[in-house]
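Colleague: One file: target_9.cif (mmCIF, C-alpha atoms and all ligand atoms; chains and numbers go by the auth columns).
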```cif
data_start
loop_
_atom_site.group_PDB
_atom_site.id
_atom_site.type_symbol
_atom_site.label_atom_id
_atom_site.label_comp_id
_atom_site.label_asym_id
_atom_site.label_seq_id
_atom_site.Cartn_x
_atom_site.Cartn_y
_atom_site.Cartn_z
_atom_site.B_iso_or_equiv
_atom_site.auth_seq_id
_atom_site.auth_asym_id
ATOM 1 C CA MET A 1 -11.960 -28.935 42.235 0.00 1092 A
ATOM 2 C CA ILE A 2 -12.180 -30.396 38.735 0.00 1093 A
ATOM 3 C CA VAL A 3 -9.064 -32.289 37.620 0.00 1094 A
ATOM 4 C CA SER A 4 -8.511 -32.049 33.876 0.00 1095 A
ATOM 5 C CA ALA A 5 -5.912 -33.257 31.427 0.00 1096 A
ATOM 6 C CA ILE A 6 -5.158 -31.350 28.264 0.00 1097 A
ATOM 7 C CA ALA A 7 -3.291 -33.075 25.426 0.00 1098 A
ATOM 8 C CA ALA A 8 -2.854 -33.262 21.669 0.00 1099 A
ATOM 9 C CA VAL A 9 -2.785 -36.851 20.455 0.00 1100 A
ATOM 10 C CA ALA A 10 -2.149 -38.376 17.030 0.00 1101 A
ATOM 11 C CA GLU A 11 -4.398 -41.131 15.668 0.00 1102 A
ATOM 12 C CA ASN A 12 -1.776 -43.709 16.700 0.00 1103 A
ATOM 13 C CA GLY A 13 -1.592 -42.307 20.246 0.00 1104 A
ATOM 14 C CA VAL A 14 1.715 -40.440 19.807 0.00 1105 A
ATOM 15 C CA ILE A 15 2.171 -37.185 21.753 0.00 1106 A
ATOM 16 C CA GLY A 16 5.933 -36.592 21.686 0.00 1107 A
ATOM 17 C CA ARG A 17 9.218 -37.220 19.932 0.00 1108 A
ATOM 18 C CA ASP A 18 12.761 -36.558 21.177 0.00 1109 A
ATOM 19 C CA GLY A 19 11.482 -34.518 24.116 0.00 1110 A
ATOM 20 C CA ASP A 20 9.348 -32.252 21.967 0.00 1111 A
ATOM 21 C CA LEU A 21 5.989 -32.084 20.228 0.00 1112 A
ATOM 22 C CA PRO A 22 5.983 -33.873 16.861 0.00 1113 A
ATOM 23 C CA TRP A 23 4.013 -31.051 15.165 0.00 1114 A
ATOM 24 C CA HIS A 24 3.481 -27.325 15.152 0.00 1115 A
ATOM 25 C CA LEU A 25 -0.213 -26.462 15.395 0.00 1116 A
ATOM 26 C CA PRO A 26 -0.454 -22.781 16.401 0.00 1117 A
ATOM 27 C CA ASP A 27 -4.239 -22.707 16.782 0.00 1118 A
ATOM 28 C CA ASP A 28 -4.053 -25.687 19.127 0.00 1119 A
ATOM 29 C CA LEU A 29 -1.366 -23.922 21.164 0.00 1120 A
ATOM 30 C CA ARG A 30 -3.694 -20.930 21.354 0.00 1121 A
ATOM 31 C CA PHE A 31 -6.476 -23.208 22.628 0.00 1122 A
ATOM 32 C CA PHE A 32 -4.066 -24.568 25.254 0.00 1123 A
ATOM 33 C CA GLN A 33 -3.114 -21.050 26.375 0.00 1124 A
ATOM 34 C CA GLN A 34 -6.725 -19.858 26.562 0.00 1125 A
ATOM 35 C CA THR A 35 -7.954 -22.946 28.387 0.00 1126 A
ATOM 36 C CA THR A 36 -5.242 -23.092 31.028 0.00 1127 A
ATOM 37 C CA ARG A 37 -4.676 -19.351 31.620 0.00 1128 A
ATOM 38 C CA GLY A 38 -5.281 -18.369 35.241 0.00 1129 A
ATOM 39 C CA HIS A 39 -5.173 -21.959 36.495 0.00 1130 A
ATOM 40 C CA HIS A 40 -2.708 -24.335 38.144 0.00 1131 A
ATOM 41 C CA VAL A 41 -0.909 -26.442 35.535 0.00 1132 A
ATOM 42 C CA ILE A 42 0.782 -29.673 36.612 0.00 1133 A
ATOM 43 C CA THR A 43 3.660 -30.976 34.533 0.00 1134 A
ATOM 44 C CA GLY A 44 6.170 -33.791 34.625 0.00 1135 A
ATOM 45 C CA ARG A 45 9.763 -32.645 34.948 0.00 1136 A
ATOM 46 C CA LYS A 46 10.628 -33.714 31.387 0.00 1137 A
ATOM 47 C CA ASN A 47 7.722 -31.862 29.826 0.00 1138 A
ATOM 48 C CA TYR A 48 8.620 -28.770 31.863 0.00 1139 A
ATOM 49 C CA GLU A 49 12.185 -28.858 30.609 0.00 1140 A
ATOM 50 C CA SER A 50 10.926 -29.191 27.028 0.00 1141 A
ATOM 51 C CA ILE A 51 9.409 -25.707 27.291 0.00 1142 A
ATOM 52 C CA PRO A 52 11.935 -23.157 25.980 0.00 1143 A
ATOM 53 C CA LEU A 53 13.579 -21.277 28.870 0.00 1144 A
ATOM 54 C CA LYS A 54 12.110 -17.946 27.826 0.00 1145 A
ATOM 55 C CA TYR A 55 8.554 -19.354 28.045 0.00 1146 A
ATOM 56 C CA ARG A 56 8.840 -21.068 31.410 0.00 1147 A
ATOM 57 C CA PRO A 57 7.278 -20.922 33.823 0.00 1148 A
ATOM 58 C CA LEU A 58 4.210 -20.598 31.580 0.00 1149 A
ATOM 59 C CA LYS A 59 2.953 -17.110 32.319 0.00 1150 A
ATOM 60 C CA ASP A 60 -0.358 -16.272 34.013 0.00 1151 A
ATOM 61 C CA ARG A 61 -0.530 -19.763 35.502 0.00 1152 A
ATOM 62 C CA VAL A 62 0.822 -21.429 38.625 0.00 1153 A
ATOM 63 C CA ASN A 63 3.275 -23.993 37.256 0.00 1154 A
ATOM 64 C CA ILE A 64 3.673 -27.132 39.381 0.00 1155 A
ATOM 65 C CA VAL A 65 6.537 -29.449 38.426 0.00 1156 A
ATOM 66 C CA VAL A 66 6.457 -33.086 39.552 0.00 1157 A
ATOM 67 C CA THR A 67 9.843 -34.768 40.074 0.00 1158 A
ATOM 68 C CA ARG A 68 11.308 -37.484 42.285 0.00 1159 A
ATOM 69 C CA SER A 69 14.490 -35.454 42.592 0.00 1160 A
ATOM 70 C CA ARG A 70 14.592 -33.803 46.031 0.00 1161 A
ATOM 71 C CA GLY A 71 16.982 -31.005 45.144 0.00 1162 A
ATOM 72 C CA TYR A 72 15.241 -29.979 41.918 0.00 1163 A
ATOM 73 C CA GLU A 73 14.845 -26.249 41.380 0.00 1164 A
ATOM 74 C CA ALA A 74 12.518 -24.553 38.939 0.00 1165 A
ATOM 75 C CA PRO A 75 12.597 -20.812 39.583 0.00 1166 A
ATOM 76 C CA GLY A 76 9.109 -19.317 39.496 0.00 1167 A
ATOM 77 C CA ALA A 77 7.444 -22.728 39.678 0.00 1168 A
ATOM 78 C CA VAL A 78 6.262 -24.914 42.561 0.00 1169 A
ATOM 79 C CA VAL A 79 8.180 -28.202 42.848 0.00 1170 A
ATOM 80 C CA VAL A 80 6.441 -31.272 44.319 0.00 1171 A
ATOM 81 C CA HIS A 81 7.243 -34.983 44.456 0.00 1172 A
ATOM 82 C CA THR A 82 3.868 -36.645 43.861 0.00 1173 A
ATOM 83 C CA LEU A 83 0.805 -35.915 41.750 0.00 1174 A
ATOM 84 C CA GLU A 84 -1.274 -35.958 44.929 0.00 1175 A
ATOM 85 C CA ASP A 85 0.846 -33.147 46.384 0.00 1176 A
ATOM 86 C CA ALA A 86 0.414 -31.178 43.160 0.00 1177 A
ATOM 87 C CA LEU A 87 -3.365 -31.496 43.378 0.00 1178 A
ATOM 88 C CA ALA A 88 -3.338 -30.721 47.107 0.00 1179 A
ATOM 89 C CA HIS A 89 -1.372 -27.519 46.441 0.00 1180 A
ATOM 90 C CA ALA A 90 -3.891 -26.397 43.807 0.00 1181 A
ATOM 91 C CA ARG A 91 -6.837 -27.241 46.068 0.00 1182 A
ATOM 92 C CA LEU A 92 -5.281 -25.406 49.012 0.00 1183 A
ATOM 93 C CA HIS A 93 -4.953 -22.292 46.875 0.00 1184 A
ATOM 94 C CA GLY A 94 -8.610 -22.250 45.916 0.00 1185 A
ATOM 95 C CA GLU A 95 -8.273 -23.664 42.398 0.00 1186 A
ATOM 96 C CA THR A 96 -11.543 -24.663 40.703 0.00 1187 A
ATOM 97 C CA GLU A 97 -9.983 -26.559 37.776 0.00 1188 A
ATOM 98 C CA ALA A 98 -6.410 -27.885 37.748 0.00 1189 A
ATOM 99 C CA PHE A 99 -4.811 -28.990 34.488 0.00 1190 A
ATOM 100 C CA ILE A 100 -2.450 -31.911 34.059 0.00 1191 A
ATOM 101 C CA ILE A 101 -0.460 -30.874 31.003 0.00 1192 A
ATOM 102 C CA GLY A 102 1.756 -33.935 30.478 0.00 1193 A
ATOM 103 C CA GLY A 103 3.884 -35.531 29.446 0.00 1194 A
ATOM 104 C CA GLY A 104 3.327 -39.215 28.895 0.00 1195 A
ATOM 105 C CA GLN A 105 4.331 -40.499 32.336 0.00 1196 A
ATOM 106 C CA VAL A 106 2.195 -38.014 34.177 0.00 1197 A
ATOM 107 C CA TYR A 107 -0.865 -38.569 31.954 0.00 1198 A
ATOM 108 C CA ARG A 108 -0.514 -42.327 32.456 0.00 1199 A
ATOM 109 C CA GLU A 109 -0.369 -41.992 36.198 0.00 1200 A
ATOM 110 C CA ALA A 110 -3.413 -39.709 36.218 0.00 1201 A
ATOM 111 C CA PHE A 111 -5.327 -42.305 34.179 0.00 1202 A
ATOM 112 C CA ASP A 112 -4.177 -45.275 36.230 0.00 1203 A
ATOM 113 C CA ARG A 113 -5.239 -43.582 39.440 0.00 1204 A
ATOM 114 C CA LYS A 114 -8.525 -42.338 37.935 0.00 1205 A
ATOM 115 C CA LEU A 115 -7.709 -38.775 38.966 0.00 1206 A
ATOM 116 C CA LEU A 116 -9.289 -37.150 35.920 0.00 1207 A
ATOM 117 C CA ASP A 117 -12.773 -35.677 35.638 0.00 1208 A
ATOM 118 C CA ARG A 118 -12.303 -34.088 32.219 0.00 1209 A
ATOM 119 C CA ILE A 119 -10.020 -34.337 29.176 0.00 1210 A
ATOM 120 C CA TYR A 120 -9.420 -31.564 26.669 0.00 1211 A
ATOM 121 C CA LEU A 121 -8.265 -33.680 23.778 0.00 1212 A
ATOM 122 C CA THR A 122 -6.948 -32.438 20.481 0.00 1213 A
ATOM 123 C CA ARG A 123 -7.180 -35.368 18.098 0.00 1214 A
ATOM 124 C CA VAL A 124 -4.514 -34.749 15.465 0.00 1215 A
ATOM 125 C CA HIS A 125 -5.605 -36.445 12.264 0.00 1216 A
ATOM 126 C CA ALA A 126 -2.302 -38.060 11.340 0.00 1217 A
ATOM 127 C CA GLN A 127 -0.203 -41.138 12.062 0.00 1218 A
ATOM 128 C CA VAL A 128 2.971 -39.722 13.577 0.00 1219 A
ATOM 129 C CA GLU A 129 6.274 -41.299 14.578 0.00 1220 A
ATOM 130 C CA GLY A 130 7.274 -40.716 18.165 0.00 1221 A
ATOM 131 C CA ASP A 131 8.503 -42.138 21.455 0.00 1222 A
ATOM 132 C CA THR A 132 5.831 -40.942 23.886 0.00 1223 A
ATOM 133 C CA SER A 133 2.158 -41.800 23.813 0.00 1224 A
ATOM 134 C CA PHE A 134 -1.143 -41.017 25.494 0.00 1225 A
ATOM 135 C CA PRO A 135 -3.026 -43.720 27.416 0.00 1226 A
ATOM 136 C CA VAL A 136 -5.851 -45.474 25.582 0.00 1227 A
ATOM 137 C CA ILE A 137 -9.133 -43.814 26.493 0.00 1228 A
ATOM 138 C CA GLU A 138 -11.551 -46.554 27.571 0.00 1229 A
ATOM 139 C CA GLY A 139 -14.779 -46.484 25.545 0.00 1230 A
ATOM 140 C CA GLY A 140 -17.896 -46.163 27.662 0.00 1231 A
ATOM 141 C CA ALA A 141 -16.182 -44.297 30.500 0.00 1232 A
ATOM 142 C CA TRP A 142 -16.263 -40.843 28.903 0.00 1233 A
ATOM 143 C CA SER A 143 -18.882 -38.720 27.183 0.00 1234 A
ATOM 144 C CA GLU A 144 -18.094 -36.064 24.615 0.00 1235 A
ATOM 145 C CA ILE A 145 -19.496 -32.684 25.610 0.00 1236 A
ATOM 146 C CA LEU A 146 -17.966 -30.506 22.898 0.00 1237 A
ATOM 147 C CA ARG A 147 -16.304 -30.935 19.507 0.00 1238 A
ATOM 148 C CA GLU A 148 -14.692 -28.383 17.229 0.00 1239 A
ATOM 149 C CA GLU A 149 -13.118 -29.232 13.868 0.00 1240 A
ATOM 150 C CA HIS A 150 -10.027 -27.500 12.466 0.00 1241 A
ATOM 151 C CA PRO A 151 -8.926 -28.139 8.880 0.00 1242 A
ATOM 152 C CA ALA A 152 -5.328 -28.414 7.697 0.00 1243 A
ATOM 153 C CA ASP A 153 -4.177 -25.156 6.121 0.00 1244 A
ATOM 154 C CA GLU A 154 -0.969 -23.273 5.317 0.00 1245 A
ATOM 155 C CA ARG A 155 -0.200 -22.900 9.076 0.00 1246 A
ATOM 156 C CA HIS A 156 -1.302 -26.393 10.111 0.00 1247 A
ATOM 157 C CA ALA A 157 0.134 -29.485 8.420 0.00 1248 A
ATOM 158 C CA HIS A 158 -2.582 -31.672 9.971 0.00 1249 A
ATOM 159 C CA ALA A 159 -6.313 -31.281 10.471 0.00 1250 A
ATOM 160 C CA PHE A 160 -7.421 -31.734 14.066 0.00 1251 A
ATOM 161 C CA SER A 161 -10.537 -31.941 16.234 0.00 1252 A
ATOM 162 C CA ILE A 162 -10.724 -30.462 19.693 0.00 1253 A
ATOM 163 C CA VAL A 163 -13.009 -32.550 21.886 0.00 1254 A
ATOM 164 C CA ILE A 164 -13.889 -32.241 25.547 0.00 1255 A
ATOM 165 C CA LEU A 165 -14.624 -35.486 27.361 0.00 1256 A
ATOM 166 C CA GLU A 166 -16.135 -35.868 30.809 0.00 1257 A
ATOM 167 C CA ARG A 167 -16.059 -38.962 32.942 0.00 1258 A
ATOM 168 C CA ILE A 168 -19.496 -40.588 32.996 0.00 1259 A
HETATM 169 N N1 LIG B . 1.138 -33.706 22.705 0.00 1 B
HETATM 170 C C1 LIG B . 0.948 -33.217 23.933 0.00 1 B
HETATM 171 O O1 LIG B . -0.140 -32.748 24.282 0.00 1 B
HETATM 172 C C2 LIG B . 2.068 -33.242 24.920 0.00 1 B
HETATM 173 C C3 LIG B . 1.885 -32.629 26.173 0.00 1 B
HETATM 174 C C4 LIG B . 2.935 -32.672 27.075 0.00 1 B
HETATM 175 C C5 LIG B . 4.135 -33.290 26.728 0.00 1 B
HETATM 176 N N2 LIG B . 4.261 -33.858 25.513 0.00 1 B
HETATM 177 C C6 LIG B . 5.517 -34.555 25.157 0.00 1 B
HETATM 178 O O2 LIG B . 5.732 -35.607 26.097 0.00 1 B
HETATM 179 C C7 LIG B . 7.149 -35.830 26.193 0.00 1 B
HETATM 180 C C8 LIG B . 7.535 -35.809 27.661 0.00 1 B
HETATM 181 O O3 LIG B . 6.838 -36.854 28.345 0.00 1 B
HETATM 182 P P1 LIG B . 7.599 -37.969 29.245 0.00 1 B
HETATM 183 O O4 LIG B . 6.641 -39.093 29.473 0.00 1 B
HETATM 184 O O5 LIG B . 8.909 -38.266 28.623 0.00 1 B
HETATM 185 O O6 LIG B . 7.921 -37.200 30.596 0.00 1 B
HETATM 186 P P2 LIG B . 7.023 -36.364 31.648 0.00 1 B
HETATM 187 O O7 LIG B . 5.784 -37.122 32.009 0.00 1 B
HETATM 188 O O8 LIG B . 6.872 -34.968 31.164 0.00 1 B
HETATM 189 O O9 LIG B . 8.030 -36.289 32.874 0.00 1 B
HETATM 190 C C9 LIG B . 8.482 -37.472 33.475 0.00 1 B
HETATM 191 C C10 LIG B . 9.180 -37.108 34.748 0.00 1 B
HETATM 192 O O10 LIG B . 8.227 -36.581 35.670 0.00 1 B
HETATM 193 C C11 LIG B . 8.564 -37.014 36.976 0.00 1 B
HETATM 194 N N3 LIG B . 7.519 -37.916 37.472 0.00 1 B
HETATM 195 C C12 LIG B . 6.669 -38.678 36.756 0.00 1 B
HETATM 196 N N4 LIG B . 5.850 -39.367 37.574 0.00 1 B
HETATM 197 C C13 LIG B . 6.197 -39.007 38.836 0.00 1 B
HETATM 198 C C14 LIG B . 5.733 -39.347 40.121 0.00 1 B
HETATM 199 N N5 LIG B . 4.754 -40.240 40.295 0.00 1 B
HETATM 200 N N6 LIG B . 6.294 -38.796 41.191 0.00 1 B
HETATM 201 C C15 LIG B . 7.292 -37.907 41.065 0.00 1 B
HETATM 202 N N7 LIG B . 7.789 -37.535 39.863 0.00 1 B
HETATM 203 C C16 LIG B . 7.246 -38.080 38.767 0.00 1 B
HETATM 204 C C17 LIG B . 9.900 -37.729 36.871 0.00 1 B
HETATM 205 O O11 LIG B . 10.871 -36.706 36.981 0.00 1 B
HETATM 206 P P3 LIG B . 12.373 -36.964 37.527 0.00 1 B
HETATM 207 O O12 LIG B . 13.027 -37.815 36.480 0.00 1 B
HETATM 208 O O13 LIG B . 12.943 -35.602 37.644 0.00 1 B
HETATM 209 O O14 LIG B . 12.220 -37.664 38.838 0.00 1 B
HETATM 210 C C18 LIG B . 9.847 -38.274 35.454 0.00 1 B
HETATM 211 O O15 LIG B . 11.111 -38.567 34.905 0.00 1 B
HETATM 212 C C19 LIG B . 7.816 -34.746 25.360 0.00 1 B
HETATM 213 O O16 LIG B . 8.116 -35.251 24.072 0.00 1 B
HETATM 214 C C20 LIG B . 6.738 -33.687 25.263 0.00 1 B
HETATM 215 O O17 LIG B . 6.874 -32.860 24.119 0.00 1 B
HETATM 216 C C21 LIG B . 3.261 -33.851 24.608 0.00 1 B
#
```
Could I get this file's structure written as structure tokens?
Ligand SMILES: NC(=O)c1ccc[n+]([C@@H]2O[C@H](COP(=O)([O-])OP(=O)(O)OC[C@H]3O[C@@H](n4cnc5c(N)ncnc54)[C@H](OP(=O)(O)O)[C@@H]3O)[C@@H](O)[C@H]2O)c1
Modeller:
Amino acid sequence: MIVSAIAAVAENGVIGRDGDLPWHLPDDLRFFQQTTRGHHVITGRKNYESIPLKYRPLKDRVNIVVTRSRGYEAPGAVVVHTLEDALAHARLHGETEAFIIGGGQVYREAFDRKLLDRIYLTRVHAQVEGDTSFPVIEGGAWSEILREEHPADERHAHAFSIVILERI
């Protein structure tokens, strides 16, 4: 099973502000939906709760919420207490590619433990204020296998590049 992360990251590393995304980039959201549809998605409890109630669990995906809280309930989602258990659940159910979808704490742990094979990274071409950031991606450890540019336009305040990185 491939373990992937998918994230949108500003040039200064910011990914979140006040429990939400610091931008609205509909074509990036579409990329997220298309890429993760049909797969297991693994989310930290805070990121899960940042999804509006009417959109969670994210449809057409198995949602796995990671929390240390034993009594936590997330109707329609699988609740686990470690990232390893999240990955084991996906593997047990025949997943070929599981997606870690954030937020900051969960990405950091995935990096620290070298769990990731692939990163779907939207580089948002802006310096953005925020309180949550993405880990620094070590140069030399990853190779870029795809890049797609998206200009700023009337629907997108920032230009962005979607890149796919694979661990060398
Ligand atoms: N730009 C992007 O691509 C992107 C993507 C996703 C999220 N975000 C943003 O990121 C922010 C949320 O990130 P965050 O860092 O605050 O929180 P988070 O990573 O979403 O969730 C943190 C929570 O996950 C649980 N957790 C983390 N590590 C765990 C472990 N090892 N074992 C068990 N449970 C664990 C804990 O839940 P309990 O406290 O319940 O124990 C912890 O409080 C929001 O602003 C969101 O919009 C941005």
Colleague: Set the distance at 10 Å and use only C-alpha atoms: which residues neighbour Thr1158 in chain A once local chain neighbours fewer than 6 positions away are removed? I'd like the list as a PyMOL selection string.
Modeller: chain A and resi 1134-1137+1164+1170-1174
Colleague: Do you have, as a Markdown table, the list of residues of chain A lying at most 7 Å from ligand LIG 1 (chain B), each with its nearest atom pair and that distance in Å to one decimal, counting only C-alpha atoms and all ligand atoms and ordered by chain then number?
Modeller:
```
| residue | atom | partner | partner_atom | distance |
| --- | --- | --- | --- | --- |
| A:Ile1097 | CA | B:LIG1 | O1 | 6.6 |
| A:Ala1098 | CA | B:LIG1 | O1 | 3.4 |
| A:Ala1099 | CA | B:LIG1 | O1 | 3.8 |
| A:Val1100 | CA | B:LIG1 | N1 | 5.5 |
| A:Ile1106 | CA | B:LIG1 | N1 | 3.8 |
| A:Gly1107 | CA | B:LIG1 | O16 | 3.5 |
| A:Arg1108 | CA | B:LIG1 | O16 | 4.7 |
| A:Asp1109 | CA | B:LIG1 | O16 | 5.6 |
| A:Gly1110 | CA | B:LIG1 | O16 | 3.4 |
| A:Asp1111 | CA | B:LIG1 | O17 | 3.3 |
| A:Leu1112 | CA | B:LIG1 | O17 | 4.1 |
| A:Thr1134 | CA | B:LIG1 | O8 | 6.1 |
| A:Gly1135 | CA | B:LIG1 | O9 | 3.6 |
| A:Arg1136 | CA | B:LIG1 | O10 | 4.3 |
| A:Lys1137 | CA | B:LIG1 | O9 | 3.9 |
| A:Asn1138 | CA | B:LIG1 | O8 | 3.5 |
| A:Tyr1139 | CA | B:LIG1 | O8 | 6.5 |
| A:Ser1141 | CA | B:LIG1 | O17 | 6.2 |
| A:Val1157 | CA | B:LIG1 | N7 | 4.7 |
| A:Thr1158 | CA | B:LIG1 | N7 | 3.5 |
| A:Arg1159 | CA | B:LIG1 | O14 | 3.6 |
| A:Ser1160 | CA | B:LIG1 | O14 | 4.9 |
| A:His1172 | CA | B:LIG1 | C15 | 4.5 |
| A:Thr1173 | CA | B:LIG1 | N6 | 4.2 |
| A:Leu1174 | CA | B:LIG1 | N5 | 6.0 |
| A:Ile1192 | CA | B:LIG1 | C4 | 5.5 |
| A:Gly1193 | CA | B:LIG1 | C4 | 3.8 |
| A:Gly1194 | CA | B:LIG1 | O3 | 3.4 |
| A:Gly1195 | CA | B:LIG1 | O4 | 3.4 |
| A:Gln1196 | CA | B:LIG1 | O7 | 3.7 |
| A:Val1197 | CA | B:LIG1 | O7 | 4.3 |
| A:Tyr1198 | CA | B:LIG1 | O7 | 6.8 |
| A:Glu1200 | CA | B:LIG1 | N5 | 6.8 |
| A:Thr1223 | CA | B:LIG1 | C7 | 5.8 |
```
Colleague: Considering only C-alpha atoms, can you say which of A:Met1092, A:Ala1248, A:Leu1116, A:Ile1133 comes closest to Ala1217 in chain A?
Modeller: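 Residue with the minimum atom-to-atom distance to Ala1217 in chain A: A:Ala1248.
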Colleague: What gap, in Å, lies between CA of Asn1154 in chain A and CA of Ala1168 in chain A?
Modeller: 5.0 Å
Colleague: To one decimal place, how far is CA of Arg1258 in chain A from CA of Thr1187 in chain A in Å?
Modeller: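 Those two atoms sit 16.9 Å apart.
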Colleague: Which of these residues is nearest to Pro1242 in chain A, using only C-alpha atoms: A:Ala1179, A:Asn1103, A:Asp1118, A:Glu1188?
Modeller: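 Using only C-alpha atoms, Pro1242 in chain A sits closest to A:Asp1118.
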Colleague: Counting only C-alpha atoms, which of A:Ser1234, A:Leu1212, A:Leu1178, A:Pro1143 gets nearest to Ile1155 in chain A?
Modeller: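 Checking each candidate against Ile1155 in chain A, we get A:Leu1178 as the closest.
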Colleague: Find, counting only C-alpha atoms, the residue in A:Arg1199, A:His1247, A:Lys1205, A:His1180 that gets nearest to Pro1226 in chain A.
Modeller: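 Looking at the shortest contact to Pro1226 in chain A, the residue is A:Arg1199.
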Colleague: In Å, with one decimal, what is the gap from CA of Val1169 in chain A to CA of Val1156 in chain A?
Modeller: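 According to the coordinates, CA of Val1169 in chain A and CA of Val1156 in chain A are separated by 6.1 Å.
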Colleague: With a distance cut-off of 12 Å and only C-alpha atoms, select the neighbouring residues of range 1119-1122 of chain A, excluding the residue or stretch itself and same-chain residues fewer than 2 positions from it, and output the selection as number ranges by chain.
Modeller: A: 1097-1100, 1112, 1114-1117, 1124-1128, 1211-1215, 1239-1243, 1246-1247, 1249-1254
Colleague: Using all atoms listed in the file, which of the listed residues (A:Arg1209, A:Arg1161, A:Arg1152, A:His1216) sits closest to Ala1181 in chain A?
Modeller: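 Result for the nearest residue to Ala1181 in chain A: A:Arg1152.
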Colleague: Please, what is the axis-aligned box for every listed atom of range 1108-1116 of chain A with 6 Å on each side, as centre and edge lengths in Å to one decimal, as JSON?
Modeller:
```
{"center_x": 6.3, "center_y": -31.8, "center_z": 19.6, "size_x": 25.0, "size_y": 22.8, "size_z": 21.0}
```
Colleague: Counting only C-alpha atoms, which of A:Ile1191, A:Ala1177, A:Ala1201, A:Val1227 gets nearest to Gly1104 in chain A?
Modeller: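 Looking only at the distances to Gly1104 in chain A, the closest residue turns out to be A:Val1227.
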